$ cat my_file_31.tsv   # TSV, C-alpha atoms
chain	number	residue	atom	x	y	z
A	310	MET	CA	26.40	-20.53	14.75
A	311	PRO	CA	27.64	-17.27	16.31
A	312	VAL	CA	26.63	-13.96	14.72
A	313	SER	CA	29.42	-11.53	13.79
A	314	ASN	CA	28.94	-7.79	13.59
A	315	TYR	CA	31.48	-5.45	11.99
A	316	PRO	CA	30.15	-1.89	12.44
A	317	GLY	CA	33.26	-0.44	10.82
A	318	GLY	CA	32.64	-2.36	7.62
A	319	PHE	CA	35.35	-3.63	5.31
A	320	ALA	CA	37.35	-0.87	3.61
A	321	ALA	CA	38.76	-3.25	1.01
A	322	GLY	CA	35.61	-5.35	0.64
A	323	VAL	CA	35.11	-8.88	1.89
A	324	THR	CA	34.65	-12.32	0.33
A	325	ILE	CA	32.89	-15.14	2.18
A	326	ARG	CA	33.23	-18.67	0.74
A	327	GLY	CA	34.38	-17.15	-2.51
A	328	VAL	CA	31.40	-14.81	-2.83
A	329	PRO	CA	32.07	-11.06	-2.71
A	330	ILE	CA	29.72	-9.27	-0.28
A	331	THR	CA	28.61	-5.84	-1.41
A	332	VAL	CA	26.93	-3.26	0.80
A	333	THR	CA	24.22	-1.72	-1.37
A	334	ASN	CA	22.72	0.82	1.01
A	335	PRO	CA	24.45	3.88	2.49
A	336	GLY	CA	22.59	3.89	5.82
A	337	GLU	CA	22.17	1.74	8.90
A	338	VAL	CA	20.44	-1.64	8.95
A	339	PHE	CA	18.13	-2.51	11.84
A	340	TRP	CA	16.32	-5.77	12.56
A	341	VAL	CA	12.92	-6.36	14.18
A	342	HIS	CA	11.27	-9.50	15.55
A	343	SER	CA	8.53	-9.71	18.16
A	344	GLY	CA	9.45	-13.19	19.34
A	345	SER	CA	13.19	-12.82	19.97
A	346	GLY	CA	13.50	-9.04	20.16
A	347	SER	CA	13.45	-6.27	22.74
A	348	ASN	CA	13.46	-2.51	22.34
A	349	GLY	CA	16.35	-2.55	24.79
A	350	ASN	CA	18.45	-4.44	22.25
A	351	ALA	CA	20.89	-3.02	19.72
A	352	GLY	CA	18.69	-3.77	16.72
A	353	THR	CA	21.17	-6.18	15.14
A	354	TYR	CA	20.29	-9.49	13.49
A	355	GLY	CA	21.14	-11.40	16.67
A	356	ARG	CA	19.63	-8.81	19.03
A	357	PRO	CA	16.66	-7.30	17.16
A	358	PHE	CA	14.18	-4.68	18.31
A	359	SER	CA	10.67	-5.88	19.07
A	360	THR	CA	8.60	-3.23	17.22
A	361	ILE	CA	8.77	-1.49	13.87
A	362	ASP	CA	7.84	1.90	15.32
A	363	TYR	CA	10.76	1.79	17.76
A	364	ALA	CA	13.13	0.89	14.93
A	365	ILE	CA	11.89	3.86	12.89
A	366	GLY	CA	12.79	6.12	15.81
A	367	ARG	CA	16.40	4.91	15.64
A	368	CYS	CA	16.73	5.92	11.98
A	369	THR	CA	18.18	9.11	10.51
A	370	ALA	CA	16.32	11.01	7.81
A	371	SER	CA	17.44	10.54	4.20
A	372	ARG	CA	20.45	8.41	5.13
A	373	GLY	CA	19.05	5.33	3.43
A	374	ASP	CA	18.33	3.30	6.57
A	375	ILE	CA	16.68	-0.12	6.17
A	376	ILE	CA	14.56	-1.96	8.71
A	377	PHE	CA	14.36	-5.71	8.10
A	378	VAL	CA	11.40	-7.41	9.78
A	379	LYS	CA	11.94	-11.11	10.34
A	380	PRO	CA	9.49	-13.83	9.31
A	381	GLY	CA	6.85	-14.56	11.93
A	382	HIS	CA	6.92	-11.05	13.42
A	383	THR	CA	3.56	-9.89	14.80
A	384	GLU	CA	2.62	-6.39	15.89
A	385	THR	CA	-0.59	-4.66	16.93
A	386	VAL	CA	-1.64	-1.10	16.08
A	387	SER	CA	-4.38	0.33	18.28
A	388	ALA	CA	-4.34	4.06	17.53
A	389	ALA	CA	-3.95	6.54	14.69
A	390	ALA	CA	-0.33	6.43	13.46
A	391	GLY	CA	0.32	3.49	15.76
A	392	ILE	CA	3.22	2.82	13.43
A	393	ALA	CA	4.46	6.26	12.35
A	394	LEU	CA	6.76	6.32	9.34
A	395	ASP	CA	7.92	9.84	10.15
A	396	VAL	CA	11.60	9.59	9.14
A	397	ALA	CA	12.34	10.39	5.50
A	398	GLY	CA	13.87	7.77	3.23
A	399	VAL	CA	13.36	4.77	5.50
A	400	ALA	CA	12.57	1.36	3.99
A	401	VAL	CA	10.70	-1.28	6.02
A	402	ILE	CA	11.25	-4.68	4.41
A	403	GLY	CA	9.33	-7.75	5.55
A	404	LEU	CA	10.95	-11.16	5.08
A	405	GLY	CA	9.21	-14.47	4.50
A	406	ARG	CA	6.47	-15.85	2.25
A	407	GLY	CA	2.73	-16.34	2.61
A	408	THR	CA	1.45	-16.32	6.19
A	409	ASP	CA	5.04	-16.39	7.43
A	410	ARG	CA	5.44	-12.75	6.43
A	411	PRO	CA	5.39	-10.10	9.18
A	412	SER	CA	1.84	-9.33	10.27
A	413	ILE	CA	0.46	-5.99	11.52
A	414	THR	CA	-3.00	-6.15	13.11
A	415	LEU	CA	-5.10	-2.99	13.42
A	416	ASP	CA	-7.60	-3.09	16.29
A	417	THR	CA	-9.29	-1.25	19.20
A	418	ALA	CA	-10.34	1.91	17.32
A	419	THR	CA	-11.64	2.99	13.92
A	420	THR	CA	-8.72	5.45	13.79
A	421	ALA	CA	-6.02	2.77	14.05
A	422	SER	CA	-3.60	3.17	11.13
A	423	VAL	CA	-0.12	2.89	9.75
A	424	ALA	CA	0.86	6.46	8.87
A	425	ILE	CA	3.38	7.68	6.31
A	426	SER	CA	4.15	11.31	7.11
A	427	ALA	CA	7.75	11.57	5.86
A	428	ALA	CA	8.95	11.64	2.27
A	429	ASN	CA	10.28	8.71	0.24
A	430	VAL	CA	9.28	5.91	2.59
A	431	THR	CA	9.08	2.28	1.41
A	432	LEU	CA	6.89	-0.52	2.78
A	433	HIS	CA	7.51	-3.99	1.32
A	434	ASN	CA	6.15	-7.51	1.88
A	435	LEU	CA	3.97	-7.03	4.96
A	436	ARG	CA	0.54	-8.39	5.95
A	437	LEU	CA	-1.96	-5.88	7.36
A	438	VAL	CA	-5.04	-7.30	9.08
A	439	ALA	CA	-8.20	-5.41	10.09
A	440	ASN	CA	-9.46	-6.57	13.48
A	441	PHE	CA	-11.98	-3.84	14.33
A	442	ALA	CA	-15.18	-2.69	12.67
A	443	ASP	CA	-14.97	0.09	10.07
A	444	ILE	CA	-11.32	1.10	10.39
A	445	VAL	CA	-11.23	4.38	8.47
A	446	ARG	CA	-7.99	3.66	6.64
A	447	MET	CA	-5.33	0.97	6.89
A	448	ILE	CA	-2.48	3.14	5.55
A	449	ASN	CA	-2.61	6.92	5.72
A	450	VAL	CA	-0.24	8.68	3.28
A	451	THR	CA	0.47	12.38	3.88
A	452	ALA	CA	3.92	12.73	2.30
A	453	GLY	CA	5.44	12.48	-1.15
A	454	GLY	CA	7.28	9.56	-2.70
A	455	ALA	CA	5.61	6.76	-0.73
A	456	TYR	CA	6.36	3.36	-2.25
A	457	LEU	CA	4.07	0.49	-1.24
A	458	ASP	CA	5.06	-2.89	-2.65
A	459	SER	CA	3.80	-6.44	-2.15
A	460	LEU	CA	1.48	-5.66	0.75
A	461	SER	CA	-1.61	-7.73	1.55
A	462	PHE	CA	-4.74	-6.56	3.37
A	463	SER	CA	-7.31	-8.88	4.93
A	464	GLN	CA	-10.05	-9.05	7.55
A	465	ALA	CA	-9.61	-11.03	10.77
A	466	ALA	CA	-13.31	-11.94	10.95
A	467	VAL	CA	-16.78	-10.86	9.88
A	468	ASN	CA	-17.31	-7.12	10.55
A	469	MET	CA	-13.62	-6.63	11.24
A	470	ASN	CA	-12.92	-4.39	8.27
A	471	TRP	CA	-11.61	-1.23	6.68
A	472	VAL	CA	-13.42	1.57	4.89
A	473	ASP	CA	-10.51	2.55	2.62
A	474	VAL	CA	-7.35	0.51	2.20
A	475	ILE	CA	-4.89	3.28	1.28
A	476	ASP	CA	-5.86	6.89	1.89
A	477	ALA	CA	-3.99	9.99	0.70
A	478	SER	CA	-6.02	11.86	3.30
A	479	SER	CA	-4.54	15.35	3.16
A	480	THR	CA	-6.62	17.98	1.37
A	481	THR	CA	-3.46	19.96	0.56
A	482	ASP	CA	-2.76	19.66	-3.17
A	483	ASN	CA	0.34	17.67	-4.14
A	484	ASN	CA	0.93	16.53	-0.57
A	485	ALA	CA	1.27	12.88	-1.63
A	486	ASP	CA	2.83	13.31	-5.09
A	487	GLY	CA	4.64	10.26	-6.41
A	488	LEU	CA	2.50	7.74	-4.53
A	489	THR	CA	3.39	4.31	-5.93
A	490	VAL	CA	1.42	1.15	-5.16
A	491	ILE	CA	2.66	-2.06	-6.76
A	492	ASN	CA	1.69	-5.74	-6.45
A	493	CYS	CA	-0.66	-5.28	-3.49
A	494	ARG	CA	-3.70	-7.41	-2.62
A	495	ALA	CA	-6.85	-6.67	-0.60
A	496	TRP	CA	-9.86	-8.87	0.23
A	497	GLY	CA	-12.90	-7.34	1.89
A	498	ALA	CA	-16.52	-8.42	2.24
A	499	ASP	CA	-18.10	-5.82	4.50
A	500	THR	CA	-20.81	-3.32	3.61
A	501	ALA	CA	-18.53	-0.49	4.80
A	502	ASN	CA	-15.75	-1.23	2.28
A	503	ASP	CA	-15.25	1.74	-0.04
A	504	SER	CA	-12.10	2.13	-2.15
A	505	PHE	CA	-8.69	0.57	-2.59
A	506	ILE	CA	-7.12	4.04	-2.92
A	507	GLU	CA	-8.78	7.27	-1.75
A	508	ILE	CA	-7.33	10.57	-3.04
A	509	ASN	CA	-8.37	13.83	-1.38
A	510	ALA	CA	-6.19	16.40	-3.18
A	511	ASP	CA	-4.49	16.98	-6.53
A	512	LEU	CA	-1.90	14.23	-6.97
A	513	ASP	CA	0.90	14.13	-9.53
A	514	ARG	CA	2.72	10.97	-10.64
A	515	LEU	CA	0.37	8.39	-9.15
A	516	TRP	CA	1.53	4.90	-10.16
A	517	VAL	CA	-0.67	1.86	-9.44
A	518	GLU	CA	0.33	-1.44	-11.04
A	519	GLU	CA	-0.59	-5.13	-10.69
A	520	CYS	CA	-2.81	-4.59	-7.66
A	521	TYR	CA	-5.92	-6.67	-7.03
A	522	CYS	CA	-8.82	-5.85	-4.73
A	523	VAL	CA	-12.12	-7.55	-3.91
A	524	HIS	CA	-14.88	-5.52	-2.26
A	525	ALA	CA	-17.85	-7.86	-2.30
A	526	THR	CA	-20.48	-5.26	-1.44
A	527	ALA	CA	-22.94	-3.17	-3.43
A	528	ASN	CA	-21.93	-0.13	-1.35
A	529	ALA	CA	-18.35	-0.14	-2.64
A	530	GLN	CA	-16.84	2.86	-4.36
A	531	ALA	CA	-14.37	2.88	-7.25
A	532	PHE	CA	-10.99	1.17	-7.07
A	533	ILE	CA	-9.45	4.69	-7.13
A	534	GLU	CA	-11.77	7.36	-5.72
A	535	CYS	CA	-10.89	11.04	-6.18
A	536	ALA	CA	-12.40	13.87	-4.17
A	537	THR	CA	-14.55	16.45	-5.95
A	538	GLY	CA	-12.52	18.80	-8.14
A	539	LYS	CA	-9.18	17.02	-7.67
A	540	ASP	CA	-6.87	15.99	-10.53
A	541	ILE	CA	-4.53	13.05	-11.02
A	542	THR	CA	-1.77	14.09	-13.43
A	543	ASN	CA	1.00	12.08	-15.10
A	544	ALA	CA	-0.64	8.98	-13.68
A	545	VAL	CA	-0.01	5.36	-14.65
A	546	VAL	CA	-2.69	2.86	-13.66
A	547	LYS	CA	-1.72	-0.44	-15.23
A	548	GLY	CA	-2.68	-4.11	-15.04
A	549	ASN	CA	-4.93	-3.91	-11.97
A	550	GLY	CA	-8.01	-5.97	-11.16
A	551	TYR	CA	-11.02	-4.89	-9.12
A	552	GLN	CA	-14.03	-7.01	-8.26
A	553	SER	CA	-16.98	-5.54	-6.41
A	554	ALA	CA	-20.73	-5.92	-6.14
A	555	LEU	CA	-21.33	-2.22	-6.81
A	556	THR	CA	-24.31	-1.51	-9.02
A	557	ALA	CA	-24.31	2.17	-9.91
A	558	VAL	CA	-20.96	3.96	-9.62
A	559	ASP	CA	-17.74	4.28	-11.64
A	560	VAL	CA	-15.76	1.08	-11.28
A	561	LEU	CA	-12.00	1.62	-11.67
A	562	ILE	CA	-11.50	5.40	-11.42
A	563	ASP	CA	-14.03	7.95	-10.21
A	564	ASN	CA	-12.93	11.52	-11.00
A	565	ASP	CA	-14.97	14.56	-11.97
A	566	THR	CA	-12.38	16.89	-13.54
A	567	THR	CA	-11.02	17.30	-17.07
A	568	ALA	CA	-7.41	18.20	-16.21
A	569	ASN	CA	-6.16	14.66	-15.62
A	570	SER	CA	-3.29	13.14	-17.59
A	571	GLY	CA	-1.36	9.91	-17.93
A	572	PHE	CA	-2.26	6.37	-18.96
A	573	VAL	CA	-4.78	3.77	-17.81
A	574	ILE	CA	-3.77	0.48	-19.42
A	575	GLY	CA	-4.87	-3.15	-19.27
A	576	ASN	CA	-7.07	-3.02	-16.15
A	577	PHE	CA	-10.03	-5.27	-15.34
A	578	GLY	CA	-13.24	-4.42	-13.52
A	579	SER	CA	-15.89	-6.94	-12.47
A	580	HIS	CA	-19.09	-5.46	-11.03
A	581	LEU	CA	-22.89	-5.71	-11.03
A	582	ASP	CA	-23.86	-2.51	-12.85
A	583	THR	CA	-25.62	-3.74	-15.97
A	584	ALA	CA	-27.57	-0.56	-16.69
A	585	ALA	CA	-25.00	2.16	-17.39
A	586	GLU	CA	-21.58	0.85	-16.46
A	587	VAL	CA	-18.70	3.33	-16.48
A	588	LEU	CA	-15.32	1.69	-16.02
A	589	ILE	CA	-13.11	4.79	-16.05
A	590	ASP	CA	-14.17	8.39	-15.41
A	591	ALA	CA	-10.95	10.43	-15.59
A	592	ASP	CA	-11.13	12.81	-18.55
A	593	GLY	CA	-7.68	13.57	-19.97
A	594	VAL	CA	-5.98	10.21	-19.42
A	595	GLY	CA	-5.16	7.88	-22.31
A	596	MET	CA	-7.08	4.60	-22.06
A	597	PHE	CA	-5.96	1.36	-23.69
A	598	ASN	CA	-7.29	-2.22	-23.42
A	599	ASN	CA	-9.31	-1.90	-20.23
A	600	TYR	CA	-12.00	-4.56	-19.72
A	601	GLY	CA	-15.15	-4.68	-17.66
A	602	SER	CA	-18.32	-6.66	-17.21
A	603	GLY	CA	-21.46	-6.42	-15.10
A	604	VAL	CA	-22.50	-10.00	-15.86
A	605	ILE	CA	-20.95	-12.61	-13.58
A	606	THR	CA	-21.16	-15.37	-16.21
A	607	ALA	CA	-19.72	-13.31	-19.08
A	608	SER	CA	-16.19	-12.41	-20.07
A	609	GLY	CA	-15.33	-8.72	-19.96
A	610	TYR	CA	-15.31	-6.41	-22.96
A	611	ILE	CA	-13.33	-3.25	-23.69
A	612	LEU	CA	-14.59	-0.19	-21.84
A	613	PRO	CA	-14.73	2.53	-22.95
A	614	ALA	CA	-15.34	1.47	-26.54
A	615	VAL	CA	-12.46	1.18	-29.01
A	616	ASP	CA	-11.85	4.35	-31.06
A	617	SER	CA	-12.63	4.00	-34.75
$ encode --input "my_file_31.tsv" --output "structure tokens"
Amino acid sequence: MPVSNYPGGFAAGVTIRGVPITVTNPGEVFWVHSGSGSNGNAGTYGRPFSTIDYAIGRCTASRGDIIFVKPGHTETVSAAAGIALDVAGVAVIGLGRGTDRPSITLDTATTASVAISAANVTLHNLRLVANFADIVRMINVTAGGAYLDSLSFSQAAVNMNWVDVIDASSTTDNNADGLTVINCRAWGADTANDSFIEINADLDRLWVEECYCVHATANAQAFIECATGKDITNAVVKGNGYQSALTAVDVLIDNDTTANSGFVIGNFGSHLDTAAEVLIDADGVGMFNNYGSGVITASGYILPAVDS
């Protein structure tokens, strides 16, 4: 079937087979596929680009541009910011289900990363695979309003791993405000695995919901690890699950300040600290129905204890 392209749009709308077609984004739409694409193409559905990074370079800041990545797309990142989301307001949307989703493999160097350095960027429905030992961070967030949705993180083989999955690496306070991470999954089993989210500066409006991470090592850090003296304010951490073999550190949130705020609701932490388990250390947040257990054969119980 031939592909039609109408760059001028339809001033009076259009109906195809009785169904009205509505354009819901104000910007351009670009397509990417490694198998059928070329960066010499126009970036249309029929003539896609071959790499995500090239497509980002064709976008205009804050116009509402969308990059659709076709099922089966594969791409390799071998350096820091190998994919650089440096155009504000761009959304990268992967298509497909399961292993058919677009796959980004990080290899060659510990510094290999996907970097978000522009505001209000969205990443949706992509697979990110570690294929080098001790990759420092899979996604590096240094701009506000990042929205990470339905991403999966996995290791290609033994000792092909990350240290942190998502890292708000800037030490400038409020650099990554509004970071939102929803419905993401990570599976790691290396002794270098640390945290699912690393926060290195004050961060306002952190939202983490329905994310699940396994770090099957006693050296793991908390699910959300905050740098010394840094606050998370107006945060919502809701419905997440974290399983690790850690034995002596805070499990879900590790924070050492008293100026935090927000809500931590309905999370689950499975670990191996049976001596003095601390599920949530983030003074100032409201905590409701969070469960933890350090016994692998027991069901979790509410931590911290219910207020009387």
$ residues_around --input "my_file_31.tsv" --residues "Gly346 (chain A)" --least-positions-apart "4" --cutoff "6 Å" --atoms "all atoms listed in the file" --output "list in words"
His342, Pro357, Phe358 and Ser359 of chain A
$ closest_residue --input "my_file_31.tsv" --among "A:Gly405, A:Ala390, A:Asn502, A:Val472" --to "Asn449 (chain A)" --atoms "only C-alpha atoms"
A:Ala390
$ closest_residue --input "my_file_31.tsv" --among "A:Ala439, A:Leu432, A:Val615, A:Ala364" --to "Asn350 (chain A)" --atoms "all atoms listed in the file"
A:Ala364
$ closest_residue --input "my_file_31.tsv" --among "A:Asp409, A:Asp443, A:Asp362, A:Asp499" --to "Ala393 (chain A)" --atoms "all atoms listed in the file"
A:Asp362
$ residues_around --input "my_file_31.tsv" --residues "Leu394 (chain A)" --least-positions-apart "4" --cutoff "12 Å" --atoms "only C-alpha atoms" --output "PyMOL selection string"
chain A and resi 361-370+376+389-390+398-401+422-432+448-452+455-456
$ closest_residue --input "my_file_31.tsv" --among "A:Cys520, A:Ile444, A:Ile574, A:Leu561" --to "Ile533 (chain A)" --atoms "only C-alpha atoms"
A:Leu561
$ atom_distance --input "my_file_31.tsv" --atom1 "CA of Ile605 (chain A)" --atom2 "CA of Ser579 (chain A)"
7.7 Å
$ residues_around --input "my_file_31.tsv" --residues "Gly601 (chain A)" --least-positions-apart "4" --cutoff "6 Å" --atoms "all atoms listed in the file" --output "list in words"
Phe577, Gly578, Ser579, Gly609 and Tyr610 of chain A
$ atom_distance --input "my_file_31.tsv" --atom1 "CA of Asp486 (chain A)" --atom2 "CA of Asp513 (chain A)"
4.9 Å
$ residues_around --input "my_file_31.tsv" --residues "Ala607 (chain A)" --least-positions-apart "3" --cutoff "12 Å" --atoms "only C-alpha atoms" --output "number ranges by chain"
A: 579-581, 583, 600-604, 610
$ write_last_selection --input "my_file_31.tsv" --atoms "C-alpha atoms" --output "mmCIF file, in the coordinates of the input"
data_model
loop_
_atom_site.group_PDB
_atom_site.id
_atom_site.type_symbol
_atom_site.label_atom_id
_atom_site.label_comp_id
_atom_site.auth_asym_id
_atom_site.auth_seq_id
_atom_site.Cartn_x
_atom_site.Cartn_y
_atom_site.Cartn_z
ATOM 1 C CA SER A 579 -15.890 -6.940 -12.470
ATOM 2 C CA HIS A 580 -19.090 -5.460 -11.030
ATOM 3 C CA LEU A 581 -22.890 -5.710 -11.030
ATOM 4 C CA THR A 583 -25.620 -3.740 -15.970
ATOM 5 C CA TYR A 600 -12.000 -4.560 -19.720
ATOM 6 C CA GLY A 601 -15.150 -4.680 -17.660
ATOM 7 C CA SER A 602 -18.320 -6.660 -17.210
ATOM 8 C CA GLY A 603 -21.460 -6.420 -15.100
ATOM 9 C CA VAL A 604 -22.500 -10.000 -15.860
ATOM 10 C CA TYR A 610 -15.310 -6.410 -22.960
#
$ axis_aligned_box --input "my_file_31.tsv" --around "region 572-583 of chain A" --padding-each-side "4 Å" --output "AutoDock Vina command-line options"
--center_x -13.9 --center_y -0.3 --center_z -15.2 --size_x 31.4 --size_y 21.3 --size_z 16.4
$ residues_around --input "my_file_31.tsv" --residues "Asn576 (chain A)" --least-positions-apart "2" --cutoff "8 Å" --atoms "all atoms listed in the file" --output "VMD selection string"
chain A and resid 546 to 550 573 to 574 578 598 to 600
$ atom_distance --input "my_file_31.tsv" --atom1 "CA of Gln530 (chain A)" --atom2 "CA of Thr500 (chain A)"
10.8 Å
$ closest_residue --input "my_file_31.tsv" --among "A:Asn509, A:Ser345, A:Ser617, A:Thr360" --to "Asp482 (chain A)" --atoms "all atoms listed in the file"
A:Asn509
$ closest_residue --input "my_file_31.tsv" --among "A:Ser478, A:Ala531, A:Ser412, A:Ile491" --to "Asp511 (chain A)" --atoms "all atoms listed in the file"
A:Ser478
$ residues_near_point --input "my_file_31.tsv" --point "(-3.0, -13.0, 15.3)" --cutoff "9 Å" --atoms "all atoms listed in the file" --output "list of chain:residue names"
A:Thr383, A:Glu384, A:Thr385, A:Ser412, A:Ile413, A:Thr414, A:Val438, A:Ala465
$ build_atoms --input "my_file_31.tsv" --residues "region 575-604 of chain A" --atoms "N, CA and C atoms" --output "PDB file, in the coordinates of the input"
ATOM      1  N   GLY A 575      -4.787  -1.726 -19.564  1.00  0.00           N
ATOM      2  CA  GLY A 575      -4.870  -3.150 -19.270  1.00  0.00           C
ATOM      3  C   GLY A 575      -5.440  -3.491 -17.909  1.00  0.00           C
ATOM      4  N   ASN A 576      -6.427  -2.733 -17.433  1.00  0.00           N
ATOM      5  CA  ASN A 576      -7.070  -3.020 -16.150  1.00  0.00           C
ATOM      6  C   ASN A 576      -8.357  -3.802 -16.358  1.00  0.00           C
ATOM      7  N   PHE A 577      -8.849  -4.420 -15.261  1.00  0.00           N
ATOM      8  CA  PHE A 577     -10.030  -5.270 -15.340  1.00  0.00           C
ATOM      9  C   PHE A 577     -10.979  -4.920 -14.205  1.00  0.00           C
ATOM     10  N   GLY A 578     -12.249  -4.734 -14.527  1.00  0.00           N
ATOM     11  CA  GLY A 578     -13.240  -4.420 -13.520  1.00  0.00           C
ATOM     12  C   GLY A 578     -14.448  -5.331 -13.613  1.00  0.00           C
ATOM     13  N   SER A 579     -14.719  -6.069 -12.541  1.00  0.00           N
ATOM     14  CA  SER A 579     -15.890  -6.940 -12.470  1.00  0.00           C
ATOM     15  C   SER A 579     -16.860  -6.339 -11.469  1.00  0.00           C
ATOM     16  N   HIS A 580     -18.129  -6.207 -11.844  1.00  0.00           N
ATOM     17  CA  HIS A 580     -19.090  -5.460 -11.030  1.00  0.00           C
ATOM     18  C   HIS A 580     -20.493  -5.971 -11.325  1.00  0.00           C
ATOM     19  N   LEU A 581     -21.504  -5.284 -10.794  1.00  0.00           N
ATOM     20  CA  LEU A 581     -22.890  -5.710 -11.030  1.00  0.00           C
ATOM     21  C   LEU A 581     -23.748  -4.580 -11.597  1.00  0.00           C
ATOM     22  N   ASP A 582     -23.115  -3.611 -12.241  1.00  0.00           N
ATOM     23  CA  ASP A 582     -23.860  -2.510 -12.850  1.00  0.00           C
ATOM     24  C   ASP A 582     -24.121  -2.859 -14.318  1.00  0.00           C
ATOM     25  N   THR A 583     -25.307  -3.348 -14.605  1.00  0.00           N
ATOM     26  CA  THR A 583     -25.620  -3.740 -15.970  1.00  0.00           C
ATOM     27  C   THR A 583     -26.402  -2.676 -16.731  1.00  0.00           C
ATOM     28  N   ALA A 584     -26.738  -1.581 -16.060  1.00  0.00           N
ATOM     29  CA  ALA A 584     -27.570  -0.560 -16.690  1.00  0.00           C
ATOM     30  C   ALA A 584     -26.752   0.492 -17.430  1.00  0.00           C
ATOM     31  N   ALA A 585     -25.763   1.059 -16.773  1.00  0.00           N
ATOM     32  CA  ALA A 585     -25.000   2.160 -17.390  1.00  0.00           C
ATOM     33  C   ALA A 585     -23.575   2.142 -16.882  1.00  0.00           C
ATOM     34  N   GLU A 586     -22.905   1.018 -17.062  1.00  0.00           N
ATOM     35  CA  GLU A 586     -21.580   0.850 -16.460  1.00  0.00           C
ATOM     36  C   GLU A 586     -20.571   1.831 -17.031  1.00  0.00           C
ATOM     37  N   VAL A 587     -19.807   2.443 -16.124  1.00  0.00           N
ATOM     38  CA  VAL A 587     -18.700   3.330 -16.480  1.00  0.00           C
ATOM     39  C   VAL A 587     -17.457   2.767 -15.800  1.00  0.00           C
ATOM     40  N   LEU A 588     -16.514   2.302 -16.589  1.00  0.00           N
ATOM     41  CA  LEU A 588     -15.320   1.690 -16.020  1.00  0.00           C
ATOM     42  C   LEU A 588     -14.344   2.747 -15.531  1.00  0.00           C
ATOM     43  N   ILE A 589     -14.119   3.782 -16.355  1.00  0.00           N
ATOM     44  CA  ILE A 589     -13.110   4.790 -16.050  1.00  0.00           C
ATOM     45  C   ILE A 589     -13.694   6.177 -16.304  1.00  0.00           C
ATOM     46  N   ASP A 590     -13.736   6.998 -15.274  1.00  0.00           N
ATOM     47  CA  ASP A 590     -14.170   8.390 -15.410  1.00  0.00           C
ATOM     48  C   ASP A 590     -13.002   9.262 -14.955  1.00  0.00           C
ATOM     49  N   ALA A 591     -12.129   9.606 -15.895  1.00  0.00           N
ATOM     50  CA  ALA A 591     -10.950  10.430 -15.590  1.00  0.00           C
ATOM     51  C   ALA A 591     -10.554  11.136 -16.886  1.00  0.00           C
ATOM     52  N   ASP A 592     -11.358  12.123 -17.279  1.00  0.00           N
ATOM     53  CA  ASP A 592     -11.130  12.810 -18.550  1.00  0.00           C
ATOM     54  C   ASP A 592      -9.713  13.367 -18.628  1.00  0.00           C
ATOM     55  N   GLY A 593      -9.047  13.085 -19.756  1.00  0.00           N
ATOM     56  CA  GLY A 593      -7.680  13.570 -19.970  1.00  0.00           C
ATOM     57  C   GLY A 593      -6.654  12.462 -20.006  1.00  0.00           C
ATOM     58  N   VAL A 594      -6.947  11.311 -19.385  1.00  0.00           N
ATOM     59  CA  VAL A 594      -5.980  10.210 -19.420  1.00  0.00           C
ATOM     60  C   VAL A 594      -6.148   9.436 -20.731  1.00  0.00           C
ATOM     61  N   GLY A 595      -5.076   8.784 -21.170  1.00  0.00           N
ATOM     62  CA  GLY A 595      -5.160   7.880 -22.310  1.00  0.00           C
ATOM     63  C   GLY A 595      -5.569   6.499 -21.824  1.00  0.00           C
ATOM     64  N   MET A 596      -6.532   5.885 -22.503  1.00  0.00           N
ATOM     65  CA  MET A 596      -7.080   4.600 -22.060  1.00  0.00           C
ATOM     66  C   MET A 596      -6.888   3.538 -23.127  1.00  0.00           C
ATOM     67  N   PHE A 597      -6.295   2.407 -22.733  1.00  0.00           N
ATOM     68  CA  PHE A 597      -5.960   1.360 -23.690  1.00  0.00           C
ATOM     69  C   PHE A 597      -6.226  -0.017 -23.085  1.00  0.00           C
ATOM     70  N   ASN A 598      -7.070  -0.810 -23.768  1.00  0.00           N
ATOM     71  CA  ASN A 598      -7.290  -2.220 -23.420  1.00  0.00           C
ATOM     72  C   ASN A 598      -7.716  -2.433 -21.976  1.00  0.00           C
ATOM     73  N   ASN A 599      -8.710  -1.681 -21.545  1.00  0.00           N
ATOM     74  CA  ASN A 599      -9.310  -1.900 -20.230  1.00  0.00           C
ATOM     75  C   ASN A 599     -10.627  -2.659 -20.415  1.00  0.00           C
ATOM     76  N   TYR A 600     -10.859  -3.658 -19.558  1.00  0.00           N
ATOM     77  CA  TYR A 600     -12.000  -4.560 -19.720  1.00  0.00           C
ATOM     78  C   TYR A 600     -12.902  -4.521 -18.494  1.00  0.00           C
ATOM     79  N   GLY A 601     -14.192  -4.614 -18.750  1.00  0.00           N
ATOM     80  CA  GLY A 601     -15.150  -4.680 -17.660  1.00  0.00           C
ATOM     81  C   GLY A 601     -16.351  -5.509 -18.023  1.00  0.00           C
ATOM     82  N   SER A 602     -17.069  -5.958 -16.980  1.00  0.00           N
ATOM     83  CA  SER A 602     -18.320  -6.660 -17.210  1.00  0.00           C
ATOM     84  C   SER A 602     -19.178  -6.577 -15.957  1.00  0.00           C
ATOM     85  N   GLY A 603     -20.498  -6.394 -16.189  1.00  0.00           N
ATOM     86  CA  GLY A 603     -21.460  -6.420 -15.100  1.00  0.00           C
ATOM     87  C   GLY A 603     -22.227  -7.718 -15.040  1.00  0.00           C
ATOM     88  N   VAL A 604     -21.820  -8.703 -15.826  1.00  0.00           N
ATOM     89  CA  VAL A 604     -22.500 -10.000 -15.860  1.00  0.00           C
ATOM     90  C   VAL A 604     -21.542 -11.054 -15.341  1.00  0.00           C
TER      91      VAL A 604
END
